[in-house]
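Below is query36.txt, which holds compact mmCIF, C-alpha atoms and all ligand atoms.
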# COMPACT_ATOMS: atom_id res chain seq x y z
CA MET A 1 0.00 0.00 0.00
CA THR A 2 1.52 3.29 -1.05
CA ARG A 3 1.51 6.32 1.20
CA GLN A 4 -0.65 8.20 -1.33
CA PHE A 5 -3.22 5.39 -1.40
CA PHE A 6 -3.23 5.25 2.38
CA LEU A 7 -3.82 9.02 2.60
CA ALA A 8 -6.65 8.84 0.02
CA ARG A 9 -8.24 5.98 1.95
CA ALA A 10 -7.90 7.91 5.21
CA ALA A 11 -9.43 10.98 3.58
CA ALA A 12 -12.39 8.92 2.35
CA THR A 13 -12.88 7.50 5.84
CA ASN A 14 -12.75 10.98 7.33
CA LEU A 15 -15.28 12.22 4.75
CA ARG A 16 -17.66 9.36 5.61
CA ARG A 17 -17.30 10.18 9.32
CA ALA A 18 -17.94 13.87 8.63
CA PHE A 19 -21.10 13.00 6.69
CA SER A 20 -22.22 10.74 9.53
CA VAL A 21 -21.76 13.54 12.05
CA LEU A 22 -23.52 16.05 9.79
CA TRP A 23 -26.32 13.56 9.23
CA LEU A 24 -26.73 13.07 12.97
CA ILE A 25 -26.72 16.82 13.66
CA LEU A 26 -29.18 17.59 10.87
CA SER A 27 -31.54 14.73 11.63
CA THR A 28 -31.76 15.44 15.37
CA SER A 29 -31.47 19.20 15.53
CA PRO A 30 -34.32 21.10 17.16
CA VAL A 31 -33.44 23.97 14.83
CA PHE A 32 -35.28 22.11 12.09
CA ALA A 33 -38.21 20.99 14.21
CA GLY A 34 -41.46 21.63 12.43
CA PRO A 35 -41.85 21.61 8.67
CA ILE A 36 -38.29 20.44 7.93
CA GLY A 37 -37.82 18.17 10.96
CA GLY A 38 -38.94 14.61 11.48
CA GLY A 39 -38.29 12.79 8.24
CA LEU A 40 -35.36 15.00 7.28
CA THR A 41 -33.15 12.06 6.35
CA ASP A 42 -35.79 10.86 3.89
CA ARG A 43 -35.74 14.18 2.06
CA TRP A 44 -32.04 14.18 1.19
CA GLU A 45 -31.13 12.47 -2.03
CA PRO A 46 -28.22 12.61 -4.46
CA HIS A 47 -28.43 15.30 -7.10
CA ALA A 48 -29.95 13.72 -10.22
CA THR A 49 -27.25 14.88 -12.64
CA VAL A 50 -24.27 15.47 -10.34
CA GLY A 51 -24.56 12.47 -7.99
CA LEU A 52 -22.59 12.41 -4.76
CA LEU A 53 -19.18 14.00 -5.01
CA GLU A 54 -16.01 12.91 -3.25
CA ARG A 55 -13.94 15.98 -4.10
CA VAL A 56 -15.17 19.54 -4.01
CA THR A 57 -13.32 22.80 -3.51
CA LEU A 58 -15.18 24.77 -0.85
CA LYS A 59 -15.16 28.54 -0.71
CA VAL A 60 -16.85 29.95 2.36
CA HIS A 61 -18.23 33.48 2.34
CA TRP A 62 -18.80 34.65 5.90
CA TYR A 63 -21.22 37.49 6.71
CA GLY A 64 -21.57 39.51 9.88
CA SER A 65 -25.37 39.48 9.91
CA LEU A 66 -28.41 37.85 8.38
CA GLU A 67 -29.18 41.12 6.60
CA ALA A 68 -25.81 41.10 4.85
CA LEU A 69 -26.25 37.42 3.94
CA ARG A 70 -29.70 38.07 2.51
CA SER A 71 -28.39 40.99 0.45
CA ALA A 72 -25.79 38.64 -1.01
CA ALA A 73 -28.52 36.12 -1.77
CA ILE A 74 -30.46 38.70 -3.75
CA GLU A 75 -27.29 39.52 -5.73
CA HIS A 76 -27.06 35.81 -6.63
CA ASN A 77 -30.77 35.55 -7.51
CA VAL A 78 -31.45 33.35 -4.48
CA GLY A 79 -34.68 33.90 -2.55
CA ALA A 80 -33.77 35.72 0.67
CA ILE A 81 -36.96 35.33 2.70
CA ASP A 82 -36.24 33.34 5.90
CA LEU A 83 -32.83 32.45 4.45
CA HIS A 84 -30.03 31.50 6.89
CA GLY A 85 -27.46 30.30 4.35
CA PHE A 86 -27.08 29.07 0.81
CA SER A 87 -24.59 27.38 -1.43
CA ILE A 88 -23.86 27.37 -5.14
CA LEU A 89 -22.24 24.28 -6.68
CA ARG A 90 -20.53 24.68 -10.03
CA GLY A 91 -18.91 22.00 -12.14
CA ASN A 92 -16.25 22.45 -14.80
CA ALA A 93 -17.28 20.31 -17.78
CA LYS A 94 -13.72 20.21 -19.16
CA THR A 95 -11.89 19.20 -15.97
CA GLY A 96 -14.71 17.49 -14.07
CA GLU A 97 -13.81 19.55 -11.01
CA TYR A 98 -16.42 21.04 -8.73
CA VAL A 99 -16.31 24.27 -6.75
CA CYS A 100 -18.92 25.12 -4.16
CA ASP A 101 -19.46 28.55 -2.66
CA ILE A 102 -21.07 28.53 0.78
CA TYR A 103 -22.68 31.74 2.07
CA VAL A 104 -23.34 31.80 5.81
CA VAL A 105 -23.39 34.11 8.80
CA LYS A 106 -20.17 33.96 10.79
CA MET A 107 -20.33 31.70 13.82
CA ARG A 108 -19.88 33.40 17.18
CA GLY A 109 -16.92 31.28 18.25
CA ALA A 110 -18.75 28.68 20.29
CA PHE A 111 -17.72 25.09 19.63
CA VAL A 112 -21.17 24.35 18.20
CA ASP A 113 -23.11 27.48 17.43
CA LYS A 114 -26.50 25.74 17.17
CA GLY A 115 -28.40 27.17 14.21
CA ARG A 116 -25.37 28.60 12.44
CA THR A 117 -23.42 25.35 12.73
CA VAL A 118 -26.42 23.37 11.49
CA THR A 119 -26.86 25.77 8.58
CA PHE A 120 -23.18 25.45 7.70
CA GLY A 121 -23.43 21.64 7.75
CA HIS A 122 -26.61 21.76 5.68
CA GLU A 123 -24.88 23.81 3.00
CA VAL A 124 -21.83 21.50 3.03
CA LEU A 125 -24.15 18.56 2.28
CA HIS A 126 -25.46 20.47 -0.74
CA CYS A 127 -21.87 21.01 -1.86
CA PHE A 128 -21.26 17.26 -1.94
CA GLY A 129 -24.28 16.66 -4.15
CA PHE A 130 -27.16 16.16 -1.72
CA ARG A 131 -30.51 17.70 -2.59
CA HIS A 132 -33.87 18.05 -0.89
CA GLU A 133 -37.31 19.39 -1.79
ZN ZN B 1 -31.04 22.95 1.61

Could you spell out this file's structure in structure tokens?
Amino acid sequence: MTRQFFLARAAATNLRRAFSVLWLILSTSPVFAGPIGGGLTDRWEPHATVGLLERVTLKVHWYGSLEALRSAAIEHNVGAIDLHGFSILRGNAKTGEYVCDIYVVKMRGAFVDKGRTVTFGHEVLHCFGFRHE
């Protein structure tokens, strides 16, 4: 086993663990109680044309307030009503590479910043090809 293969395998294991943690947070979070809660895990599915991605370049755009985030959403033609974060996934047809821009309000520095951490994780799932209604 080469060192490069070992590192790739370790990275894949870490990615699976990260998804498991995100899945647990998203599926049990009281932040999404109500219309999005409950059967949340049943609503996520791989993007029909992209599938699930193993490699994505993430670019995070942090905002100091919800108002600033929502202004950015409008600039990107994303509906801003009740918005807490959004992401835009772009693929390069020539190289097959994907870049995902995540737009979220800056976390306050707590280890887990409840709604903001959940929103960040939600947008990361979108970046790896997960979709929901
Ligand atoms: Zn979403």

| task | Compute the set of protein, DNA and RNA residues whose minimum atom distance to ligand ZN 1 (chain B) is at most 12 Å, using only C-alpha atoms and all ligand atoms, and state it as a PyMOL selection string. | result | chain A and resi 26+32+36+40+43-45+47+83-88+102+118-133

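A straight line drawn from CA of Leu58 (chain A) to CA of Val99 (chain A) is 6.0 Å long.
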
Extract, using all atoms listed in the file, all DNA, RNA and protein residues at most 10 Å from Tyr63 (chain A), discarding same-chain residues fewer than 6 positions from it, and format them as a PDB file with C-alpha atoms, keeping the file's coordinate frame.
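part-v2.pdb, freshly written:
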ATOM      1  CA  LEU A  69     -26.250  37.420   3.940  1.00  0.00           C
ATOM      2  CA  ARG A  70     -29.700  38.070   2.510  1.00  0.00           C
ATOM      3  CA  ALA A  72     -25.790  38.640  -1.010  1.00  0.00           C
ATOM      4  CA  GLY A  85     -27.460  30.300   4.350  1.00  0.00           C
ATOM      5  CA  TYR A 103     -22.680  31.740   2.070  1.00  0.00           C
ATOM      6  CA  VAL A 104     -23.340  31.800   5.810  1.00  0.00           C
ATOM      7  CA  VAL A 105     -23.390  34.110   8.800  1.00  0.00           C
ATOM      8  CA  LYS A 106     -20.170  33.960  10.790  1.00  0.00           C
ATOM      9  CA  MET A 107     -20.330  31.700  13.820  1.00  0.00           C
TER      10      MET A 107
END

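For the atom pair formed by CA of Val78 (chain A) and CA of Leu66 (chain A), the distance is 14.0 Å, given to one decimal.
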
| said: Report, in Å with one decimal, the straight-line distance from CA of Gly96 (chain A) to CA of Val60 (chain A). | reply: 20.7 Å

Once 4 Å is added on each side, what are the centre and the three edge lengths, in Å to one decimal, of the axis-aligned box enclosing the listed atoms of region 73-92 of chain A? Present them as lines of an AutoDock Vina configuration file.
center_x = -26.6
center_y = 30.8
center_z = -4.0
size_x = 28.7
size_y = 25.5
size_z = 29.7
